[in-house]
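Content type mmCIF, C-alpha atoms, from the file my_file_39.cif:
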data_protein
loop_
_atom_site.label_atom_id
_atom_site.label_comp_id
_atom_site.auth_asym_id
_atom_site.auth_seq_id
_atom_site.Cartn_x
_atom_site.Cartn_y
_atom_site.Cartn_z
CA MET C 1 0.00 0.00 0.00
CA ALA C 2 2.65 2.42 1.08
CA THR C 3 4.92 1.67 -1.83
CA GLU C 4 2.00 2.24 -4.17
CA THR C 5 1.39 5.66 -2.66
CA VAL C 6 5.03 6.58 -2.94
CA ALA C 7 4.99 5.41 -6.53
CA THR C 8 2.00 7.63 -7.27
CA GLU C 9 3.80 10.58 -5.75
CA VAL C 10 6.94 9.98 -7.70
CA ASN C 11 4.93 9.64 -10.89
CA ALA C 12 3.13 12.87 -10.14
CA GLY C 13 6.49 14.63 -9.85
CA MET C 14 7.70 17.25 -7.48
CA PRO C 15 5.52 20.31 -6.96
CA GLN C 16 8.75 22.25 -7.45
CA LEU C 17 8.77 21.17 -11.08
CA ASN C 18 5.15 22.12 -11.77
CA PHE C 19 5.93 24.90 -14.20
CA GLU C 20 2.35 26.18 -14.18
CA THR C 21 2.99 27.75 -10.76
CA PHE C 22 6.24 29.43 -11.82
CA PRO C 23 4.81 32.73 -13.10
CA ASN C 24 2.79 33.06 -9.90
CA GLN C 25 5.78 32.34 -7.65
CA ILE C 26 8.13 34.57 -9.57
CA PHE C 27 5.65 37.45 -9.66
CA TRP C 28 4.95 37.36 -5.93
CA LEU C 29 8.63 36.82 -5.10
CA LEU C 30 9.59 39.91 -7.07
CA VAL C 31 6.85 41.90 -5.33
CA ALA C 32 8.10 40.72 -1.95
CA LEU C 33 11.74 41.47 -2.79
CA VAL C 34 10.90 44.96 -4.01
CA VAL C 35 8.86 45.67 -0.89
CA ILE C 36 11.65 44.37 1.38
CA TYR C 37 14.24 46.35 -0.56
CA LEU C 38 12.23 49.56 -0.28
CA MET C 39 11.57 49.03 3.42
CA LEU C 40 15.22 48.34 4.17
CA SER C 41 16.87 50.91 1.92
CA ARG C 42 14.40 53.75 2.56
CA VAL C 43 13.61 53.31 6.23
CA ALA C 44 15.40 50.63 8.17
CA LEU C 45 19.03 50.81 7.05
CA PRO C 46 19.39 54.62 7.15
CA ARG C 47 17.72 54.59 10.55
CA ILE C 48 20.01 51.89 11.95
CA SER C 49 23.12 53.50 10.52
CA ALA C 50 22.00 56.83 12.02
CA ILE C 51 21.49 55.12 15.39
CA LEU C 52 24.92 53.51 15.21
CA ALA C 53 26.59 56.76 14.14
CA GLU C 54 24.83 58.65 16.89
CA ARG C 55 25.88 56.04 19.43
CA SER C 56 29.51 56.14 18.40
CA GLY C 57 29.29 59.94 18.40
CA THR C 58 27.82 59.92 21.90
CA ILE C 59 30.47 57.51 23.11
CA SER C 60 33.34 59.53 21.66
CA ASN C 61 31.79 62.74 22.99
CA ASP C 62 31.49 61.20 26.43
CA LEU C 63 35.06 59.98 26.24
CA ALA C 64 36.23 63.44 25.18
CA ALA C 65 34.24 65.04 27.99
CA ALA C 66 35.73 62.58 30.47
CA GLU C 67 39.20 63.35 29.16
CA ASP C 68 38.45 67.07 29.47
CA LEU C 69 37.25 66.68 33.06
CA LYS C 70 40.32 64.63 33.86
CA ASN C 71 42.55 67.37 32.46
CA GLN C 72 40.63 69.96 34.45
CA ALA C 73 41.06 67.94 37.61
CA ALA C 74 44.79 67.61 36.91
CA ALA C 75 45.06 71.36 36.31
CA ALA C 76 43.14 72.07 39.50
CA GLU C 77 45.44 69.75 41.41
CA LYS C 78 48.48 71.44 39.90
CA SER C 79 47.24 74.93 40.77
CA TYR C 80 46.37 73.75 44.28
CA GLU C 81 49.88 72.41 44.71
CA LYS C 82 51.30 75.61 43.31
CA ALA C 83 49.21 77.65 45.74
CA LEU C 84 50.36 75.42 48.54
CA ALA C 85 54.01 75.82 47.56
CA ASP C 86 53.54 79.59 47.21
CA ALA C 87 51.95 79.81 50.62
CA ARG C 88 54.74 77.77 52.08
CA SER C 89 57.47 79.96 50.58
CA GLU C 90 55.55 83.09 51.55
CA SER C 91 55.30 81.92 55.12
CA ASN C 92 59.01 81.10 55.08
CA ARG C 93 59.74 84.55 53.74
CA ILE C 94 57.59 86.21 56.40
CA ALA C 95 59.21 84.14 59.11
CA ASP C 96 62.67 85.04 57.82
CA GLU C 97 61.72 88.70 57.69
CA ALA C 98 60.37 88.61 61.22
CA ARG C 99 63.51 86.83 62.33
CA ALA C 100 65.70 89.43 60.64
CA GLU C 101 63.68 92.26 62.17
CA ALA C 102 63.90 90.72 65.59
CA GLN C 103 67.63 90.16 65.09
CA LYS C 104 68.04 93.79 64.11
CA ASP C 105 66.12 94.99 67.17
CA LEU C 106 68.10 92.63 69.29
CA ASP C 107 71.40 93.83 67.82
CA ALA C 108 70.39 97.45 68.37
CA ALA C 109 69.39 96.76 71.94
CA LEU C 110 72.63 94.83 72.52
CA ALA C 111 74.68 97.66 71.03
CA GLU C 112 72.85 100.21 73.17
CA ALA C 113 73.32 98.08 76.24
CA ASP C 114 77.01 97.59 75.39
CA ALA C 115 77.43 101.32 74.92
CA LYS C 116 75.66 101.99 78.20
CA ILE C 117 77.74 99.39 79.93
CA SER C 118 81.03 100.74 78.58
CA ALA C 119 79.98 104.28 79.53
CA GLN C 120 79.19 103.16 83.03
CA THR C 121 82.42 101.19 83.15
CA ALA C 122 84.37 104.23 82.10
CA GLU C 123 82.57 106.36 84.70
CA ALA C 124 83.25 103.77 87.34
CA GLU C 125 86.91 103.51 86.30
CA ALA C 126 87.18 107.28 86.49
CA ALA C 127 85.64 107.25 89.95
CA ILE C 128 87.98 104.44 91.00
CA ALA C 129 91.00 106.30 89.65
CA GLU C 130 89.95 109.42 91.50
CA ILE C 131 89.40 107.46 94.64
CA ARG C 132 92.78 105.80 94.20
CA ALA C 133 94.49 109.18 93.67
CA ASN C 134 92.75 110.58 96.69
CA ALA C 135 93.77 107.55 98.69
CA THR C 136 97.46 107.89 97.68
CA GLN C 137 97.44 111.52 98.62
CA ASN C 138 95.76 110.75 101.92
CA VAL C 139 98.32 108.02 102.64
CA GLY C 140 101.13 110.53 101.95
CA GLU C 141 99.63 113.09 104.30
CA VAL C 142 99.00 110.50 106.97
CA ALA C 143 102.56 109.23 106.59
CA ARG C 144 103.94 112.79 106.83
CA ASP C 145 101.82 113.52 109.85
CA VAL C 146 102.88 110.25 111.46
CA ALA C 147 106.53 110.85 110.57
CA GLN C 148 106.40 114.43 111.93
CA ALA C 149 104.75 113.22 115.10
CA LEU C 150 107.28 110.43 115.47
CA VAL C 151 110.20 112.71 114.88
CA SER C 152 108.85 115.38 117.24
CA THR C 153 108.19 112.75 119.83
CA MET C 154 111.78 111.54 119.53
CA GLY C 155 112.71 115.12 120.26
CA VAL C 156 114.42 115.99 117.13
CA ASP C 157 113.40 119.11 115.43
CA VAL C 158 113.33 118.65 111.77
CA ASN C 159 111.78 121.02 109.42
CA ALA C 160 108.71 119.98 107.58
CA ASP C 161 110.31 120.07 104.16
CA ALA C 162 112.88 117.41 105.02
CA ILE C 163 110.21 115.09 106.38
CA ASN C 164 108.11 115.69 103.36
CA GLU C 165 110.98 114.84 101.08
CA ALA C 166 111.89 111.73 102.99
CA VAL C 167 108.31 110.46 103.04
CA THR C 168 107.86 111.08 99.35
CA ALA C 169 111.14 109.29 98.62
CA ARG C 170 110.05 106.33 100.77
CA MET C 171 106.66 106.14 99.21
CA LYS C 172 108.21 106.05 95.75
CA GLY C 173 110.58 103.33 96.80
CA MET L 1 -3.97 20.94 -13.68
CA ALA L 2 -3.34 17.31 -14.42
CA THR L 3 -0.75 17.05 -11.70
CA GLU L 4 -3.10 18.44 -9.10
CA THR L 5 -5.67 15.77 -9.77
CA ALA L 6 -2.92 13.24 -9.42
CA TYR L 7 -2.16 14.53 -5.89
CA ASP L 8 -5.84 14.52 -5.05
CA GLY L 9 -6.10 10.92 -6.17
CA ALA L 10 -3.30 9.95 -3.85
CA GLU L 11 -5.18 11.30 -0.85
CA GLU L 12 -7.81 8.61 -1.09
CA THR L 13 -5.49 5.66 -0.49
CA GLY L 14 -5.60 4.59 3.17
CA GLY L 15 -3.03 3.08 5.52
CA LEU L 16 0.47 4.41 5.85
CA VAL L 17 0.31 7.48 3.65
CA PHE L 18 3.42 9.24 2.42
CA HIS L 19 2.92 12.76 1.16
CA PRO L 20 6.37 14.17 1.79
CA LEU L 21 6.08 16.61 -1.07
CA ASP L 22 2.49 17.75 -0.59
CA GLN L 23 3.71 20.55 1.66
CA PHE L 24 5.30 22.15 -1.38
CA ILE L 25 2.14 22.32 -3.51
CA VAL L 26 1.24 25.82 -4.59
CA LYS L 27 -2.50 26.35 -3.97
CA PRO L 28 -4.74 29.37 -4.46
CA LEU L 29 -5.69 30.93 -1.16
CA PHE L 30 -9.30 31.42 -2.14
CA GLY L 31 -11.18 28.71 -4.03
CA ASP L 32 -9.77 26.03 -6.26
CA GLY L 33 -9.28 27.91 -9.49
CA PRO L 34 -6.23 27.74 -11.72
CA VAL L 35 -3.00 29.39 -10.54
CA HIS L 36 -2.57 32.48 -12.69
CA TRP L 37 0.47 34.69 -12.29
CA TYR L 38 -1.56 37.14 -10.21
CA THR L 39 -3.54 34.63 -8.12
CA PRO L 40 -2.98 35.08 -4.35
CA THR L 41 -1.63 31.70 -3.30
CA ASN L 42 -0.02 30.19 -0.22
CA VAL L 43 3.22 31.50 -1.73
CA THR L 44 1.78 35.00 -1.56
CA LEU L 45 0.66 34.46 2.04
CA TRP L 46 4.05 33.27 3.31
CA LEU L 47 5.97 35.87 1.34
CA ALA L 48 3.70 38.49 2.89
CA ILE L 49 4.36 37.04 6.35
CA ALA L 50 8.11 37.20 5.69
CA VAL L 51 7.77 40.84 4.60
CA LEU L 52 5.74 41.62 7.73
CA CYS L 53 8.29 39.93 9.99
CA ILE L 54 11.12 41.88 8.40
CA ALA L 55 9.10 45.09 8.78
CA ALA L 56 8.37 44.20 12.40
CA LEU L 57 12.03 43.64 13.21
CA PHE L 58 13.62 46.42 11.22
CA ILE L 59 11.00 49.17 11.29
CA TRP L 60 8.82 48.53 14.33
CA GLY L 61 11.79 47.18 16.31
CA THR L 62 13.89 50.29 15.76
CA ARG L 63 11.06 52.83 16.16
CA SER L 64 12.43 54.28 19.41
CA ARG L 65 15.88 54.98 17.81
CA SER L 66 17.35 54.72 21.29
CA THR L 67 21.05 55.09 21.96
CA ILE L 68 20.77 52.22 24.43
CA PRO L 69 18.91 49.64 22.34
CA GLY L 70 16.05 47.42 23.46
CA ARG L 71 15.70 43.78 22.47
CA GLY L 72 14.24 44.26 19.01
CA GLN L 73 16.59 47.06 18.14
CA SER L 74 19.57 45.02 19.33
CA ILE L 75 18.66 42.18 16.99
CA ALA L 76 18.13 44.56 14.07
CA GLU L 77 21.47 46.23 14.79
CA LEU L 78 23.23 42.86 15.07
CA MET L 79 21.82 41.79 11.70
CA TYR L 80 22.86 45.10 10.20
CA GLY L 81 26.34 44.94 11.68
CA PHE L 82 26.84 41.30 10.71
CA THR L 83 25.81 41.82 7.09
CA HIS L 84 27.62 45.14 6.81
CA LYS L 85 30.84 43.59 8.09
CA MET L 86 30.48 40.60 5.77
CA VAL L 87 30.01 42.84 2.71
CA GLU L 88 32.89 45.08 3.72
CA ASP L 89 35.25 42.19 4.54
CA ILE L 90 34.65 40.38 1.27
CA THR L 91 34.06 43.10 -1.31
CA GLY L 92 35.91 45.99 0.32
CA LYS L 93 34.70 49.55 0.76
CA GLU L 94 33.50 49.82 -2.87
CA GLY L 95 31.08 46.96 -2.27
CA LEU L 96 29.22 48.81 0.47
CA LYS L 97 27.20 50.59 -2.24
CA TYR L 98 25.45 47.27 -2.84
CA PHE L 99 24.93 46.54 0.85
CA PRO L 100 21.14 47.24 0.78
CA TYR L 101 20.65 44.67 -2.02
CA ILE L 102 22.64 42.04 -0.20
CA MET L 103 20.85 42.82 3.06
CA THR L 104 17.53 42.40 1.22
CA LEU L 105 18.59 39.01 -0.12
CA PHE L 106 19.97 37.81 3.19
CA MET L 107 17.01 38.92 5.27
CA PHE L 108 14.50 37.52 2.78
CA ILE L 109 16.16 34.10 2.62
CA LEU L 110 16.74 33.96 6.37
CA PHE L 111 13.15 34.84 7.25
CA ALA L 112 11.65 32.65 4.50
CA ASN L 113 13.76 29.69 5.65
CA TYR L 114 12.82 30.04 9.30
CA LEU L 115 9.14 30.73 8.58
CA GLY L 116 9.16 27.52 6.57
CA LEU L 117 10.10 25.65 9.76
CA ILE L 118 6.78 26.53 11.39
CA PRO L 119 4.60 23.39 11.22
CA MET L 120 1.94 23.57 8.48
CA SER L 121 3.66 26.55 6.92
CA PHE L 122 4.82 26.86 3.33
CA SER L 123 8.51 27.15 2.54
CA THR L 124 8.91 29.67 -0.26
CA THR L 125 12.65 29.04 -0.55
CA SER L 126 12.09 25.32 -1.14
CA HIS L 127 10.98 26.12 -4.69
CA ILE L 128 13.53 26.22 -7.44
CA ALA L 129 11.38 28.87 -9.10
CA ALA L 130 12.08 31.25 -6.22
CA THR L 131 15.75 30.39 -5.67
CA ALA L 132 16.46 30.45 -9.41
CA VAL L 133 15.12 33.99 -9.58
CA LEU L 134 17.47 34.90 -6.73
CA GLY L 135 20.44 32.95 -8.09
CA PHE L 136 20.11 34.08 -11.70
CA GLY L 137 19.26 37.57 -10.53
CA VAL L 138 22.57 37.70 -8.68
CA PHE L 139 24.34 36.13 -11.68
CA PHE L 140 23.02 38.64 -14.22
CA ALA L 141 23.40 41.61 -11.90
CA VAL L 142 26.99 40.73 -11.10
CA THR L 143 27.91 39.97 -14.73
CA ILE L 144 26.38 43.19 -16.04
CA LEU L 145 27.97 45.14 -13.21
CA GLY L 146 31.34 43.56 -14.00
CA PHE L 147 31.19 44.64 -17.62
CA VAL L 148 29.85 48.10 -16.78
CA LEU L 149 32.55 48.77 -14.20
CA ASN L 150 35.52 47.11 -15.90
CA GLY L 151 34.59 46.99 -19.58
CA PRO L 152 36.22 44.16 -21.56
CA SER L 153 38.89 43.78 -18.87
CA PHE L 154 36.23 41.95 -16.86
CA LEU L 155 37.17 38.97 -19.03
CA LYS L 156 40.51 38.84 -17.20
CA LEU L 157 38.52 36.99 -14.56
CA PHE L 158 38.85 33.93 -16.83
CA TRP L 159 42.44 34.50 -17.90
CA MET L 160 44.87 33.36 -15.21
CA SER L 161 47.91 35.57 -15.80
CA GLU L 162 49.92 33.68 -13.15
CA ALA L 163 49.46 30.28 -14.83
CA PRO L 164 51.93 28.94 -17.43
CA LEU L 165 50.99 30.22 -20.88
CA PHE L 166 50.04 26.86 -22.41
CA LEU L 167 47.68 26.11 -19.49
CA ARG L 168 45.85 29.43 -19.67
CA PRO L 169 43.36 28.52 -22.42
CA ILE L 170 42.45 25.28 -20.62
CA ILE L 171 42.02 27.11 -17.35
CA ALA L 172 39.97 29.75 -19.12
CA VAL L 173 37.56 27.10 -20.43
CA ILE L 174 37.22 25.59 -16.96
CA GLU L 175 36.73 29.02 -15.43
CA ILE L 176 34.03 29.94 -17.94
CA ILE L 177 32.16 26.68 -17.35
CA SER L 178 32.38 27.14 -13.59
CA TYR L 179 31.22 30.75 -13.98
CA PHE L 180 28.08 29.67 -15.81
CA VAL L 181 27.41 26.82 -13.40
CA ARG L 182 27.49 29.29 -10.49
CA PRO L 183 23.84 30.45 -10.65
CA VAL L 184 22.62 26.87 -11.00
CA SER L 185 24.54 25.62 -7.98
CA HIS L 186 23.71 28.82 -6.15
CA SER L 187 19.97 28.32 -6.51
CA VAL L 188 19.77 24.51 -6.43
CA ARG L 189 21.83 24.42 -3.22
CA LEU L 190 19.30 26.52 -1.35
CA ALA L 191 16.12 24.93 -2.73
CA GLY L 192 17.60 21.44 -2.44
CA ASN L 193 18.63 21.83 1.20
CA ILE L 194 15.28 23.22 2.29
CA THR L 195 13.24 20.72 0.27
CA ALA L 196 15.25 17.74 1.47
CA GLY L 197 15.01 18.67 5.13
CA HIS L 198 11.28 19.29 5.00
CA ALA L 199 10.63 16.12 3.02
CA VAL L 200 12.65 14.02 5.47
CA ILE L 201 10.66 15.45 8.38
CA LYS L 202 7.45 14.59 6.55
CA VAL L 203 8.59 11.03 5.90
CA PHE L 204 9.40 10.54 9.59
CA ALA L 205 6.06 12.12 10.47
CA ALA L 206 4.26 9.55 8.31
CA PHE L 207 5.97 6.75 10.23
CA ALA L 208 4.54 8.21 13.45
CA ALA L 209 1.20 6.67 12.46
CA LEU L 210 2.63 3.26 13.40
CA ALA L 211 2.38 2.99 17.19
CA ALA L 212 5.49 0.79 17.45
CA VAL L 213 7.88 3.23 15.83
CA SER L 214 6.16 6.49 16.73
CA PRO L 215 8.49 7.36 19.70
CA LEU L 216 11.49 6.82 17.47
CA SER L 217 9.81 8.81 14.75
CA VAL L 218 9.13 11.73 17.09
CA LEU L 219 12.75 11.65 18.29
CA ALA L 220 13.97 11.59 14.71
CA ILE L 221 11.71 14.52 13.79
CA THR L 222 13.09 16.47 16.74
CA ALA L 223 16.66 15.72 15.75
CA ILE L 224 16.09 16.58 12.10
CA TYR L 225 14.26 19.72 13.14
CA GLY L 226 17.26 20.81 15.17
CA LEU L 227 19.47 20.10 12.18
CA GLU L 228 17.10 22.07 9.96
CA ILE L 229 17.36 25.09 12.25
CA LEU L 230 21.08 25.06 11.57
CA VAL L 231 20.62 24.39 7.86
CA CYS L 232 18.18 27.30 7.43
CA GLY L 233 20.61 29.77 8.93
CA ILE L 234 23.65 28.32 7.22
CA GLN L 235 22.03 28.19 3.78
CA ALA L 236 20.92 31.81 4.04
CA TYR L 237 24.45 32.71 5.12
CA VAL L 238 26.04 30.65 2.34
CA PHE L 239 23.80 32.21 -0.29
CA THR L 240 24.69 35.68 0.94
CA ILE L 241 28.41 35.10 1.28
CA LEU L 242 28.56 33.59 -2.24
CA THR L 243 26.70 36.64 -3.52
CA CYS L 244 29.39 38.79 -1.88
CA VAL L 245 32.14 36.67 -3.44
CA TYR L 246 30.57 37.00 -6.91
CA LEU L 247 30.19 40.72 -6.33
CA LYS L 248 33.86 40.91 -5.41
CA ASP L 249 34.71 39.25 -8.74
CA ALA L 250 32.72 41.95 -10.52
CA LEU L 251 34.43 44.74 -8.60
CA HIS L 252 37.96 43.35 -8.75
CA PRO L 253 38.12 40.89 -11.68
CA ALA L 254 41.91 40.51 -11.66
CA HIS L 255 42.82 37.59 -9.43
#
Serialized structure, structure tokens:
Amino acid sequence: MATETVATEVNAGMPQLNFETFPNQIFWLLVALVVIYLMLSRVALPRISAILAERSGTISNDLAAAEDLKNQAAAAEKSYEKALADARSESNRIADEARAEAQKDLDAALAEADAKISAQTAEAEAAIAEIRANATQNVGEVARDVAQALVSTMGVDVNADAINEAVTARMKG
Amino acid sequence: MATETAYDGAEETGGLVFHPLDQFIVKPLFGDGPVHWYTPTNVTLWLAIAVLCIAALFIWGTRSRSTIPGRGQSIAELMYGFTHKMVEDITGKEGLKYFPYIMTLFMFILFANYLGLIPMSFSTTSHIAATAVLGFGVFFAVTILGFVLNGPSFLKLFWMSEAPLFLRPIIAVIEIISYFVRPVSHSVRLAGNITAGHAVIKVFAAFAALAAVSPLSVLAITAIYGLEILVCGIQAYVFTILTCVYLKDALHPAH
């Protein structure tokens, strides 16, 4: 039974080779191809290529913007560091200046004090010298008085000039 | 109409019935009249469904034009990128002018093949009438384009300047024969693959009527169906890539 059926089919031939349907198939195929071509070339493909171009544009724009921001951040960091370094050197400069000023004041005060001290020293030395001179003179007088008294006590009369001379010669010796 | 009555006669035999080729019969959609060139047939219906599917994917799917694509738009973009890259890789930048034509061919064959896998559907690409129009269309377009772009130097395609002189005429004859066989193999390959797969599935389906072998038959149908899913994609791809290769010959005929 089955073989008979198959035989019938084979005798009937393939529907693919039924040439009566060819004009129909070819006509509708061409219609379909033209419609697909028009849809794709007029609408779909330009749209998709626009989408893809826009996407790659967006991506490269975003990348450029990111790069820009990165550069800005780097510049900001650099200027911050520069400001920091400037502030540091400024503070150093101010500190140095203050130190120099203080040193100058100090030097002036020291010089003034030194001057005052040397003046006082000189005054004091003058006073000491005067005192010493006075003292030497006093010692001479005392020695003359004592010598006169001694001599007069011993009962010898000597004039004052001789005693004076002797005392002065002794004191020199 | 004689053949149609022959098919009808076969229907009446009982038992284990094999109609592996009945799925390919072209029938009018309305009534039983003769198939004129303008008659809406099941061919018309399934071509229209293919057109609608392509419109749905490529026009409706990309309607939002979003920078971050949705599912439909992603598929449309993938198809676009895949075909675009294939055309550019094979034919070079000059071939991109013909990208819409190749995209049309590829999408039509791909969708027609896969729609043919739906049970009870009609496979438009299983008919040599359809694939011959595609194959010979590509052949004539590429040949005319070759002569228009290159003039008589297009004939260098057949003249191997690297081969030894005495071999060149022989090679030229072989090249010319192979050139004219191209459209035949191009179209028969597609129709033959689709027809064979569908017919084999139908034969296994007929065996399912026997209770003893029906589980095996169902398994076999499943396996063949899986194979057919591959074949449908690969045949569409092969057809398109060969079209690109032929186009490359027209653009750059010197080997």
Could you please tell me, as a list of chain:residue names, which residues of chain C have an atom within 6 Å of chain L when using only C-alpha atoms?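 Only these qualify: C:Ala2, C:Ala12, C:Pro15, C:Gln16, C:Phe22, C:Pro23, C:Asn24, C:Trp28, C:Tyr37, C:Ser41, C:Ala44, C:Arg55.
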Interatomic distance between atom CA of L:Leu216 and atom CA of L:Ile194?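 We find that atom CA of L:Leu216 and atom CA of L:Ile194 lie 22.7 Å from each other.
For the pair atom CA of L:Tyr114 and atom CA of C:Glu20, the interatomic distance is 26.0 Å.
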Distance of atom CA of L:Ser74 from atom CA of C:Glu54, expressed in Å to one decimal place: 14.8 Å
Picked residues, the PyMOL selection byres ((chain L and resi 82-89) around 9), expected as an MDAnalysis selection string: chainID L and resid 77:81 90:96 98:99 102:103 106 240:241 244:245
Polymer residues at most 9 Å from C:Ala160, all atoms listed in the file, same-chain spacing of 3 or more positions, as a PDB file with C-alpha atoms, keeping the file's coordinate frame:
ATOM      1  CA  ARG C 144     103.940 112.790 106.830  1.00  0.00           C
ATOM      2  CA  GLN C 148     106.400 114.430 111.930  1.00  0.00           C
ATOM      3  CA  ILE C 163     110.210 115.090 106.380  1.00  0.00           C
ATOM      4  CA  ASN C 164     108.110 115.690 103.360  1.00  0.00           C
ATOM      5  CA  GLU C 165     110.980 114.840 101.080  1.00  0.00           C
TER       6      GLU C 165
END
Would you place a box with edges along x, y and z of the file around all atoms of stretch 153-172 of chain L listed there, add 3 Å to each of its six sides, and report the centre and edge lengths in Å to one decimal, as AutoDock Vina command-line options?
--center_x 44.1 --center_y 34.5 --center_z -17.8 --size_x 21.7 --size_y 24.5 --size_z 15.3
Near L:Leu157, counting all atoms listed in the file, which residues have an atom at most 10 Å away, once you skip same-chain residues fewer than 5 positions from it, shown as a tab-separated table (two decimals) with C-alpha atoms, in the frame of the given file?
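Written output follows (result.tsv):
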chain	number	residue	atom	x	y	z
L	146	GLY	CA	31.34	43.56	-14.00
L	172	ALA	CA	39.97	29.75	-19.12
L	175	GLU	CA	36.73	29.02	-15.43
L	176	ILE	CA	34.03	29.94	-17.94
L	179	TYR	CA	31.22	30.75	-13.98
L	249	ASP	CA	34.71	39.25	-8.74
L	250	ALA	CA	32.72	41.95	-10.52
L	252	HIS	CA	37.96	43.35	-8.75
L	253	PRO	CA	38.12	40.89	-11.68
L	254	ALA	CA	41.91	40.51	-11.66
L	255	HIS	CA	42.82	37.59	-9.43
Could you write out as a ChimeraX atom specification the residues that the PyMOL selection byres ((chain L and resi 228) around 12) matches in the shown file? /L:113-118,193-201,220-227,229-235
